[in-house]
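**Q** A single structure is presented below for examination.
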Protein chains: 4
Amino acid sequence: MVIMMKLNSPKEDLEEVIKKIHSRGCKHHEIWGTEKLAIGVTGQTAALSEEEFLIMNSVEGVYRVSKPYKLVSREVKSEDTVINIGGKLIGGEELTIIAGPCSIESRQQIFDIAGELKEMGVKFLRAGAYKPRSSPYSFQGLKEKGLEYLSEVKKELGMMIVTEAKDTSTLPAISELADIIQIGARNMQNFSLLEAVGELSNVILLKRGLAATIEDLLMSAEYILSQGNYNVILCERGIRTFETYTRNTLDLNAIPVVKKNSHLPIIVDPSHGIGIWDKVPAMAMAAVACGADGIMIEVHNHPESALSDGFQSLTPKNFKALLNKLEQLAPIVNKKVDVNVAIA
Amino acid sequence: MVIMMKLNSPKEDLEEVIKKIHSRGCKHHEIWGTEKLAIGVTGQTAALSEEEFLIMNSVEGVYRVSKPYKLVSREVKSEDTVINIGGKLIGGEELTIIAGPCSIESRQQIFDIAGELKEMGVKFLRAGAYKPRSSPYSFQGLKEKGLEYLSEVKKELGMMIVTEAKDTSTLPAISELADIIQIGARNMQNFSLLEAVGELSNVILLKRGLAATIEDLLMSAEYILSQGNYNVILCERGIRTFETYTRNTLDLNAIPVVKKNSHLPIIVDPSHGIGIWDKVPAMAMAAVACGADGIMIEVHNHPESALSDGFQSLTPKNFKALLNKLEQLAPIVNKKVDVNVAIA
Amino acid sequence: MVIMMKLNSPKEDLEEVIKKIHSRGCKHHEIWGTEKLAIGVTGQTAALSEEEFLIMNSVEGVYRVSKPYKLVSREVKSEDTVINIGGKLIGGEELTIIAGPCSIESRQQIFDIAGELKEMGVKFLRAGAYKPRSSPYSFQGLKEKGLEYLSEVKKELGMMIVTEAKDTSTLPAISELADIIQIGARNMQNFSLLEAVGELSNVILLKRGLAATIEDLLMSAEYILSQGNYNVILCERGIRTFETYTRNTLDLNAIPVVKKNSHLPIIVDPSHGIGIWDKVPAMAMAAVACGADGIMIEVHNHPESALSDGFQSLTPKNFKALLNKLEQLAPIVNKKVDVNVAIA
Amino acid sequence: MVIMMKLNSPKEDLEEVIKKIHSRGCKHHEIWGTEKLAIGVTGQTAALSEEEFLIMNSVEGVYRVSKPYKLVSREVKSEDTVINIGGKLIGGEELTIIAGPCSIESRQQIFDIAGELKEMGVKFLRAGAYKPRSSPYSFQGLKEKGLEYLSEVKKELGMMIVTEAKDTSTLPAISELADIIQIGARNMQNFSLLEAVGELSNVILLKRGLAATIEDLLMSAEYILSQGNYNVILCERGIRTFETYTRNTLDLNAIPVVKKNSHLPIIVDPSHGIGIWDKVPAMAMAAVACGADGIMIEVHNHPESALSDGFQSLTPKNFKALLNKLEQLAPIVNKKVDVNVAIA
């Protein structure tokens, strides 16, 4: 940490700053310049906050030079985290493909879609039973009934299940069923929920919030790891900007940045990210091209009558065409796709 | 709702659209232009979603012309909502003043600050027992102990208590104590929490999320009202933009916009909004000048050693100077301030 | 400037960094911590760029601790700049009122509006002859004809003229006429234009760009001052955010921040800022309440048939009501308004 | 255009609206709903503005259902524009590669870099002679001298030149030399400059502004086309968001969106977009994967001593590695790369 003192600071102000540094067991180092005095602080600076110095007389700026996250950082663990779920590896050479409808709408619907996906070789089925919706009047999901259908799909088709937990009260039931528990963008800083999933052993898929910086995302992951659950997958799904031609602004820049700073796997959800079905394949390709460990895509048998997010869902046919393209792209970025789609 | 069809749409596509409109019990009206065909839809259009039409062949755009919120809207209730808490009115002519420290840090601390505020005539004490923090390593609040101290303050000083609920599990204890339950910015779209407070009779203070549009804020309030709790106060506290000289961008534009569209009271939290203590009074003045029903200010006896948010907290002395200014400003915007600060 | 070295940097990398520091005539200071090595740099660091160090091996971060602007800064000139135009002072105790239509539309129109404003005691008339418009098909202003009408108004009514220069080729004609030359938001980083007005003696009104940080705004002002023209007024007029209920997000936070960092006067344009006429008075009041040195308001005799910006223009009647309110507000923030509007 | 009237609008207000519609030679169509009255407007609605209706009594909303751009639109020209410069095609099957240093720094420097690029088969050399910089104290380019060196490079090496025009006064000299004239992000809405380049026959590379929506970008291109110059290449180079780990937020979503709405070619500048050299190749790959017609990359022989933008520049060696990857990627998205880099 470096503290800048104002021009011509009175001696007492400087002494107050130094006293506080020492009172926290840290050391100070004065760097006298022609215009300013910089005070370097060394020792366990994680215990200090910028704000407690900023508020002091004559202090002009405080610069923290270490990152605030630890467990998720490459400084703590330099090699990539690879998560093994039922023999499938997430975060290594395999490109993870997660697909399925936004919401479970009926037993028939989820079996139909899951069946088609399984046939293509997709191992991870995404489908929501509890849906966070911005309007109280929108379809909120089939809830318990939805979990039941998912459970049947899991048993009968042997697919791994990715589904969202929107609160702690439904977490036990979801935890029992889900292979991967999704924390949605609007809950990325629901810290009570983060702590709760941090105590589970399920794999957690943590989506970036609409106003979350990359650092915020990593800090939220840190919450989960700090409770003991190291099986966390990050997910870029678009941030909110001034642009109105797209639903959100999918921020693919986050992929190489996260890869540099963290050992955790990161996947991309282009369906929510751009929000317009005919542009989803382009963004899925881009995601893989810049280094994502996988993609999560909304697929629906009848997008035009979907109860939620139909406008951003691919039909199975369009999804299959995308898988075919991804199979060609993956080797170029040193990834493998394990699906059953013949290269056209 | 208005649906625009693409140039030269085939007849079957048009028929499909009309069939869907009728199947939902709505009527259609064709408007033939020189370039496009617009289809006006009338009836219970709230049951229709833009997306289910956007996904159809030849549909180019869908425009919803009614607002998605109802209960919070001035169209449903044209006169201002005025909430009565223990004889104090929020949302009418009285300017509501809420003040106190970010966090309860000790019994002594909260009694000291509350005592000073009471002396100035402040009726509402804000103080957090459960603190949502972006780092798991930051001070998380005194929790149950904090509620105990607040409860003592309430009994001994007779102040009304504003405190945050960050999850449903701590809600019963908070509901028993708090006169006003705060829902923080990061929980604005924690819909399970919104539904839970919608079933209480406490007054709810709903803060705008960092990436929330004004419409999102009103929709989250709609969640609470739709569960039966009509005692909702909105709170502008800053959105996230590219600006880095301030902590957030306090969006005062939201005040006249909300006042036009909704009957609910709205207050402003300039402490979080701008995030720099010496600029808080200016923004508090601006908030009242543009029509806010009240302000919520962080006040701390010793900002330089506060465990959280010290950098944005006013000392009691500076806060008193602000109250003095507000007393002068209020009558100009047809408000009254009920405090004991002599006009200088 | 402080340079952070990576953990376990090889000795040669450190030596390279130190060599570069010395080669620029600066000194280095090593601060050894438990995790990192910080290198303090002192001397004429303005000549160094962050990037030339960031690119070096083992360098993890570079922190510039001085501000990049000089002439506009309070560190160089601590007292407020007060600009005298024809006896009217801008930036001191007087609250500057600038009003008029977006565009000059006809001789009659500009004389009508100017006449009404003069009667209210307004000294500064704003009106555009050259209009930057996002569409090439929109009304682009009356151009030379517009300047002619303005010149007549100036002569006959004795008002001071504020008008925009959108390029260097029309600058000579505008410079001859205008008391204050406006640089529009979209030209805030048109550096050739900034340099050109920096060589004039007219007062320059520099509007903040839609994506400009406060620092960017100050740097653009620095361009003008560095050419020798110290008569610069800054203008906050709204930034671009995700909010869609308002045209822009008027960022009043900029007022106290600029006041702290710069000696230049700053005014507010709430008409463009919020963009909806019936909400303009609220934001004008807020602007003055938080310390703005003046306001610039669009006023039109017939907003419903204005050729541009009618939706954000006040009628003379509504503007007069606002002036009345401002007269009451000004003394509370230690300002005076010099208009002829009787307090109601 | 559709105009929504408020609930219970008085008959006179409705009549006023209809009168105005007719006075502009358009027709109206009433659509009576249960809650609102919608008025469809048909005819030459391009002549109407939303604002002139919004300002009228009882009008609640105005929705323009056609796009404001014409010449750049796929509705006017459905097939892709392919620009031929000296036999190289931009916008078709060829993937365009533009590379070079941010600034020309010396004769030696530009010849060295250009020589290496030519050897790799790069046909388009980018290099700035006039540099728009946010600080007046930063290196502003070699100006005329820079153009001279570029002219020599062009003659001796036969490369095509891409260089920026930052104002109209230097445009003649640049126009004579440049094969492609670049309009920088900060000048995207410098309409006088747009009109000036619209009268030239050079190819224009128009970069997206930091706060520009995709529609704004297309409208600025419309300015150029409307003056008669149809040779416009669009360029995505990052927008400004709240994220601070990257210099800008490269918005690749713009690629498929522009491709859908416009026939113009669009390329991507990942160097400015993400702003960190070691993450540039990942974003370049992503750009091509989602359909960009080309990329523009900053390459410098000695990034650590570059006078500008060194931190985002690739060395020739790293750039060559990227070209190699792009050669593998291109065929998957139906593009060809014409360079001399052997596939490793």
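Following the order of the structure tokens, first chain is A, next is B, and so on, with residues numbered from 1 inside each chain and ligands from 1 in the order they appear.
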With chain B as the partner and 7 Å as the cut-off, tabulate the residues of chain D that qualify, each row holding the nearest pair of atoms and their distance in Å to one decimal, using only C-alpha atoms, sorted by chain and rising number, as a Markdown table.
**A**
| residue | atom | partner | partner_atom | distance |
| --- | --- | --- | --- | --- |
| D:His29 | CA | B:Ile31 | CA | 6.9 |
| D:Ile31 | CA | B:Gly40 | CA | 6.7 |
| D:Gly33 | CA | B:Thr42 | CA | 4.8 |
| D:Thr34 | CA | B:Gly43 | CA | 6.0 |
| D:Gly40 | CA | B:Ile31 | CA | 6.7 |
| D:Thr42 | CA | B:Gly33 | CA | 4.8 |
| D:Gly43 | CA | B:Thr34 | CA | 6.1 |
| D:Arg240 | CA | B:Phe242 | CA | 6.5 |
| D:Thr241 | CA | B:Phe242 | CA | 5.1 |
| D:Phe242 | CA | B:Phe242 | CA | 4.2 |
**Q** Please provide the set of residues having any atom within 10 Å of Ser262 (chain B), restricted to only C-alpha atoms, with same-chain residues fewer than 6 positions apart removed, written as a ChimeraX atom specification.
**A** /B:69-81,218
**Q** Could you save the residues just selected, with N, CA and C atoms, as an mmCIF file, in the first residue's frame?
**A**
data_model
loop_
_atom_site.group_PDB
_atom_site.id
_atom_site.type_symbol
_atom_site.label_atom_id
_atom_site.label_comp_id
_atom_site.auth_asym_id
_atom_site.auth_seq_id
_atom_site.Cartn_x
_atom_site.Cartn_y
_atom_site.Cartn_z
ATOM 1 N N TYR B 69 -45.312 -2.156 -14.945
ATOM 2 C CA TYR B 69 -45.689 -2.134 -13.515
ATOM 3 C C TYR B 69 -47.099 -1.560 -13.384
ATOM 4 N N LYS B 70 -47.788 -2.003 -12.361
ATOM 5 C CA LYS B 70 -49.186 -1.595 -12.176
ATOM 6 C C LYS B 70 -49.397 -0.936 -10.803
ATOM 7 N N LEU B 71 -49.202 -1.731 -9.727
ATOM 8 C CA LEU B 71 -49.561 -1.276 -8.387
ATOM 9 C C LEU B 71 -48.759 -0.058 -7.944
ATOM 10 N N VAL B 72 -47.533 0.064 -8.406
ATOM 11 C CA VAL B 72 -46.695 1.184 -7.990
ATOM 12 C C VAL B 72 -46.954 2.416 -8.855
ATOM 13 N N SER B 73 -47.778 2.250 -9.880
ATOM 14 C CA SER B 73 -47.925 3.284 -10.902
ATOM 15 C C SER B 73 -48.932 4.363 -10.522
ATOM 16 N N ARG B 74 -48.690 5.554 -11.011
ATOM 17 C CA ARG B 74 -49.635 6.651 -10.809
ATOM 18 C C ARG B 74 -50.919 6.419 -11.596
ATOM 19 N N GLU B 75 -50.870 5.535 -12.570
ATOM 20 C CA GLU B 75 -52.101 5.284 -13.322
ATOM 21 C C GLU B 75 -53.103 4.550 -12.449
ATOM 22 N N VAL B 76 -52.587 3.766 -11.515
ATOM 23 C CA VAL B 76 -53.455 3.002 -10.608
ATOM 24 C C VAL B 76 -53.828 3.851 -9.391
ATOM 25 N N LYS B 77 -52.900 4.656 -8.937
ATOM 26 C CA LYS B 77 -53.149 5.488 -7.757
ATOM 27 C C LYS B 77 -52.478 6.825 -8.033
ATOM 28 N N SER B 78 -53.268 7.856 -8.256
ATOM 29 C CA SER B 78 -52.660 9.107 -8.713
ATOM 30 C C SER B 78 -52.073 9.939 -7.567
ATOM 31 N N GLU B 79 -52.654 9.840 -6.354
ATOM 32 C CA GLU B 79 -52.123 10.684 -5.275
ATOM 33 C C GLU B 79 -50.921 10.022 -4.595
ATOM 34 N N ASP B 80 -50.052 10.866 -4.046
ATOM 35 C CA ASP B 80 -48.843 10.396 -3.355
ATOM 36 C C ASP B 80 -49.168 9.448 -2.204
ATOM 37 N N THR B 81 -48.391 8.398 -2.059
ATOM 38 C CA THR B 81 -48.479 7.550 -0.873
ATOM 39 C C THR B 81 -47.739 8.248 0.269
ATOM 40 N N LEU B 218 -38.753 0.013 -10.028
ATOM 41 C CA LEU B 218 -40.201 0.007 -9.839
ATOM 42 C C LEU B 218 -40.749 -1.420 -9.912
#
**Q** Please identify which residues in region 109-286 of chain C DSSP calls alpha helix (DSSP H) from the backbone, and express them as a ChimeraX atom specification.
**A** /C:109-120,144-157,171-177,191-198,214-226,254-261,270-274,280-286
**Q** Extract, using only C-alpha atoms, all DNA, RNA and protein residues at most 10 Å from Leu142 (chain C), discarding same-chain residues fewer than 2 positions from it, and format them as a list in words.
**A**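 Surrounding residues, per the criterion: Ser103, Ile104, Glu105, Ser106, Gly128, Ala129, Tyr130, Lys131, Phe139, Gln140, Glu144, Lys145, Gly146, Leu147, Glu148 and Tyr149 of chain C.
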**Q** Those selected residues, please, written with C-alpha atoms and delivered as a PDB file, in the first residue's frame.
**A**
ATOM      1  CA  SER C 103     -31.521  26.628 -32.749  1.00  0.00           C
ATOM      2  CA  ILE C 104     -32.162  29.956 -34.385  1.00  0.00           C
ATOM      3  CA  GLU C 105     -35.101  29.191 -36.664  1.00  0.00           C
ATOM      4  CA  SER C 106     -35.992  32.620 -38.022  1.00  0.00           C
ATOM      5  CA  GLY C 128     -27.258  27.697 -32.246  1.00  0.00           C
ATOM      6  CA  ALA C 129     -26.527  28.667 -35.854  1.00  0.00           C
ATOM      7  CA  TYR C 130     -24.460  25.563 -36.686  1.00  0.00           C
ATOM      8  CA  LYS C 131     -26.025  22.431 -35.205  1.00  0.00           C
ATOM      9  CA  PHE C 139     -32.117  20.338 -39.513  1.00  0.00           C
ATOM     10  CA  GLN C 140     -28.507  21.555 -39.417  1.00  0.00           C
ATOM     11  CA  GLU C 144     -24.474  32.241 -41.699  1.00  0.00           C
ATOM     12  CA  LYS C 145     -28.055  33.499 -41.722  1.00  0.00           C
ATOM     13  CA  GLY C 146     -28.361  32.455 -38.105  1.00  0.00           C
ATOM     14  CA  LEU C 147     -25.219  34.368 -37.155  1.00  0.00           C
ATOM     15  CA  GLU C 148     -26.648  37.455 -38.867  1.00  0.00           C
ATOM     16  CA  TYR C 149     -29.843  37.309 -36.826  1.00  0.00           C
TER      17      TYR C 149
END
**Q** Give me, please, the distance in Å between CA of Glu12 (chain A) and CA of Ala321 (chain B), quoted to one decimal.
**A** 26.8 Å
**Q** Run DSSP on the backbone of this structure and report the residues of region 176-309 of chain C it assigns to strand (DSSP E), as number ranges by chain.
**A** C: 180-183, 203-207, 232-236, 266-268, 294-298
**Q** Store the residues picked out above, limited to N, CA and C atoms, as a tab-separated table (two decimals), in the first residue's frame.
**A**
chain	number	residue	atom	x	y	z
C	180	ILE	N	-19.40	34.22	-25.72
C	180	ILE	CA	-18.97	32.92	-25.22
C	180	ILE	C	-19.12	31.92	-26.36
C	181	ILE	N	-18.03	31.22	-26.68
C	181	ILE	CA	-18.08	30.20	-27.74
C	181	ILE	C	-18.26	28.84	-27.08
C	182	GLN	N	-19.29	28.14	-27.49
C	182	GLN	CA	-19.56	26.83	-26.91
C	182	GLN	C	-18.88	25.74	-27.73
C	183	ILE	N	-18.21	24.82	-27.03
C	183	ILE	CA	-17.69	23.60	-27.66
C	183	ILE	C	-18.61	22.48	-27.19
C	203	VAL	N	-14.39	33.98	-24.34
C	203	VAL	CA	-14.62	33.00	-23.28
C	203	VAL	C	-15.11	31.71	-23.94
C	204	ILE	N	-14.62	30.57	-23.45
C	204	ILE	CA	-14.99	29.27	-24.03
C	204	ILE	C	-15.83	28.48	-23.02
C	205	LEU	N	-16.95	27.96	-23.49
C	205	LEU	CA	-17.81	27.10	-22.67
C	205	LEU	C	-17.60	25.68	-23.16
C	206	LEU	N	-16.96	24.86	-22.34
C	206	LEU	CA	-16.58	23.51	-22.77
C	206	LEU	C	-17.51	22.48	-22.14
C	207	LYS	N	-18.29	21.80	-22.99
C	207	LYS	CA	-19.25	20.82	-22.47
C	207	LYS	C	-18.61	19.44	-22.33
C	232	VAL	N	-12.06	29.83	-19.47
C	232	VAL	CA	-12.80	28.61	-19.77
C	232	VAL	C	-13.84	28.35	-18.69
C	233	ILE	N	-15.06	28.08	-19.16
C	233	ILE	CA	-16.15	27.65	-18.26
C	233	ILE	C	-16.45	26.20	-18.60
C	234	LEU	N	-16.49	25.35	-17.60
C	234	LEU	CA	-16.85	23.95	-17.82
C	234	LEU	C	-18.37	23.81	-17.77
C	235	CYS	N	-18.89	22.77	-18.41
C	235	CYS	CA	-20.34	22.56	-18.40
C	235	CYS	C	-20.68	21.07	-18.31
C	236	GLU	N	-21.37	20.69	-17.23
C	236	GLU	CA	-21.89	19.32	-17.09
C	236	GLU	C	-23.22	19.26	-17.82
C	266	ILE	N	-17.91	26.17	-13.22
C	266	ILE	CA	-18.65	25.08	-13.87
C	266	ILE	C	-20.14	25.37	-13.80
C	267	ILE	N	-20.80	25.24	-14.94
C	267	ILE	CA	-22.24	25.43	-14.99
C	267	ILE	C	-22.89	24.11	-15.42
C	268	VAL	N	-24.23	24.10	-15.40
C	268	VAL	CA	-24.96	22.87	-15.69
C	268	VAL	C	-26.02	23.13	-16.76
C	294	GLY	N	-23.72	28.32	-12.41
C	294	GLY	CA	-24.75	28.84	-13.30
C	294	GLY	C	-25.48	27.71	-13.98
C	295	ILE	N	-26.50	28.07	-14.73
C	295	ILE	CA	-27.24	27.07	-15.48
C	295	ILE	C	-27.48	27.59	-16.90
C	296	MET	N	-27.62	26.66	-17.82
C	296	MET	CA	-27.93	27.00	-19.20
C	296	MET	C	-29.20	26.22	-19.55
C	297	ILE	N	-30.24	26.95	-19.96
C	297	ILE	CA	-31.55	26.33	-20.13
C	297	ILE	C	-32.09	26.62	-21.52
C	298	GLU	N	-32.66	25.59	-22.14
C	298	GLU	CA	-33.30	25.81	-23.43
C	298	GLU	C	-34.71	26.35	-23.22
**Q** Choose the residue, out of A:Gln328, A:Asn187, A:Thr163, A:Asn334, that has the smallest atom-to-atom separation from Asn202 (chain A); count only C-alpha atoms.
**A**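 Of A:Gln328, A:Asn187, A:Thr163, A:Asn334, the one nearest Asn202 (chain A) is A:Thr163, counting only C-alpha atoms.
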**Q** Please provide as an mmCIF file with C-alpha atoms, in the first residue's frame all residues within 9 Å of Arg186 (chain C), with the sequence filter that same-chain residues fewer than 3 positions apart are discarded (counting only C-alpha atoms).
**A**
data_model
loop_
_atom_site.group_PDB
_atom_site.id
_atom_site.type_symbol
_atom_site.label_atom_id
_atom_site.label_comp_id
_atom_site.auth_asym_id
_atom_site.auth_seq_id
_atom_site.Cartn_x
_atom_site.Cartn_y
_atom_site.Cartn_z
ATOM 1 C CA PRO C 132 -24.202 19.117 -34.874
ATOM 2 C CA ILE C 183 -17.694 23.596 -27.656
ATOM 3 C CA GLN C 189 -11.994 15.754 -27.618
ATOM 4 C CA ASN C 190 -11.727 17.446 -31.021
ATOM 5 C CA LYS C 207 -19.246 20.819 -22.474
ATOM 6 C CA ARG C 208 -18.495 17.403 -21.037
ATOM 7 C CA GLY C 209 -18.585 14.559 -23.553
ATOM 8 C CA LEU C 210 -21.015 11.675 -23.209
ATOM 9 C CA ARG D 186 -13.091 10.712 -30.630
ATOM 10 C CA ASN D 187 -13.997 12.189 -34.030
ATOM 11 C CA MET D 188 -16.813 9.756 -34.858
ATOM 12 C CA GLN D 189 -19.333 12.552 -34.392
ATOM 13 C CA ASN D 190 -17.160 15.363 -35.761
#
**Q** If we count only C-alpha atoms and set the cut-off at 9 Å, which residues sit around Ser308 (chain D), ignoring sequence neighbours fewer than 4 positions away in its own chain? Please answer as a list in words.
**A**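 The residues satisfying every condition are Ser49, Glu51 and Glu52 of chain C; Pro101, Cys102, Ser103, Ser138, Phe139 and Pro303 of chain D.
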**Q** Can I get the selected residues back with C-alpha atoms, as a PDB file, in the first residue's frame?
**A**
ATOM      1  CA  SER C  49       4.403   7.156 -18.985  1.00  0.00           C
ATOM      2  CA  GLU C  51       2.909   2.208 -20.237  1.00  0.00           C
ATOM      3  CA  GLU C  52       6.639   2.289 -20.829  1.00  0.00           C
TER       4      GLU C  52
ATOM      5  CA  PRO D 101       2.805   1.032 -35.028  1.00  0.00           C
ATOM      6  CA  CYS D 102       0.534   3.493 -33.275  1.00  0.00           C
ATOM      7  CA  SER D 103       2.769   6.416 -34.282  1.00  0.00           C
ATOM      8  CA  SER D 138       1.798  13.896 -24.746  1.00  0.00           C
ATOM      9  CA  PHE D 139       3.608  13.173 -28.001  1.00  0.00           C
ATOM     10  CA  PRO D 303       7.013  -1.800 -27.559  1.00  0.00           C
TER      11      PRO D 303
END
**Q** One number please: CA of Ala114 (chain C) to CA of Lys88 (chain C), in Å, one decimal.
**A**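 CA of Lys88 (chain C) lies 18.0 Å from CA of Ala114 (chain C).
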**Q** For Ile97 (chain B), work out the shell of residues within 9 Å, counting only C-alpha atoms and skipping chain neighbours fewer than 2 positions away, then give it as a PDB file with N, CA and C atoms, in the first residue's frame.
**A**
ATOM      1  N   LEU B  95     -39.949  16.395   5.372  1.00  0.00           N
ATOM      2  CA  LEU B  95     -38.709  15.883   4.789  1.00  0.00           C
ATOM      3  C   LEU B  95     -38.144  14.875   5.781  1.00  0.00           C
ATOM      4  N   ALA B  99     -30.410   8.995   9.751  1.00  0.00           N
ATOM      5  CA  ALA B  99     -28.966   9.160   9.918  1.00  0.00           C
ATOM      6  C   ALA B  99     -28.420   8.119  10.870  1.00  0.00           C
ATOM      7  N   VAL B 122     -33.243  14.223  15.204  1.00  0.00           N
ATOM      8  CA  VAL B 122     -33.392  13.150  14.218  1.00  0.00           C
ATOM      9  C   VAL B 122     -34.255  12.039  14.817  1.00  0.00           C
ATOM     10  N   LYS B 123     -35.238  11.569  14.051  1.00  0.00           N
ATOM     11  CA  LYS B 123     -36.156  10.544  14.562  1.00  0.00           C
ATOM     12  C   LYS B 123     -35.794   9.139  14.102  1.00  0.00           C
ATOM     13  N   PHE B 124     -35.115   9.036  12.941  1.00  0.00           N
ATOM     14  CA  PHE B 124     -34.822   7.716  12.373  1.00  0.00           C
ATOM     15  C   PHE B 124     -33.325   7.428  12.441  1.00  0.00           C
ATOM     16  N   LEU B 125     -32.970   6.352  13.130  1.00  0.00           N
ATOM     17  CA  LEU B 125     -31.562   5.950  13.246  1.00  0.00           C
ATOM     18  C   LEU B 125     -31.264   4.801  12.291  1.00  0.00           C
ATOM     19  N   GLY B 294     -36.800  12.656   1.249  1.00  0.00           N
ATOM     20  CA  GLY B 294     -35.957  12.554   2.433  1.00  0.00           C
ATOM     21  C   GLY B 294     -34.554  12.185   2.036  1.00  0.00           C
ATOM     22  N   ILE B 295     -33.680  12.155   3.022  1.00  0.00           N
ATOM     23  CA  ILE B 295     -32.300  11.747   2.770  1.00  0.00           C
ATOM     24  C   ILE B 295     -31.855  10.796   3.862  1.00  0.00           C
ATOM     25  N   MET B 296     -30.906   9.951   3.517  1.00  0.00           N
ATOM     26  CA  MET B 296     -30.326   9.021   4.483  1.00  0.00           C
ATOM     27  C   MET B 296     -28.831   9.259   4.452  1.00  0.00           C
ATOM     28  N   ILE B 297     -28.264   9.588   5.608  1.00  0.00           N
ATOM     29  CA  ILE B 297     -26.869  10.035   5.664  1.00  0.00           C
ATOM     30  C   ILE B 297     -26.092   9.198   6.673  1.00  0.00           C
ATOM     31  N   LEU B 323     -27.902  19.890   8.284  1.00  0.00           N
ATOM     32  CA  LEU B 323     -29.310  20.012   8.710  1.00  0.00           C
ATOM     33  C   LEU B 323     -29.734  21.475   8.693  1.00  0.00           C
ATOM     34  N   VAL B 337     -38.829  20.466   7.717  1.00  0.00           N
ATOM     35  CA  VAL B 337     -37.879  19.589   8.413  1.00  0.00           C
ATOM     36  C   VAL B 337     -38.144  19.723   9.897  1.00  0.00           C
ATOM     37  N   ASP B 338     -38.359  18.607  10.547  1.00  0.00           N
ATOM     38  CA  ASP B 338     -38.656  18.639  11.977  1.00  0.00           C
ATOM     39  C   ASP B 338     -37.419  18.252  12.778  1.00  0.00           C
ATOM     40  N   VAL B 339     -36.485  19.191  12.909  1.00  0.00           N
ATOM     41  CA  VAL B 339     -35.281  18.938  13.708  1.00  0.00           C
ATOM     42  C   VAL B 339     -35.053  20.099  14.671  1.00  0.00           C
TER      43      VAL B 339
END
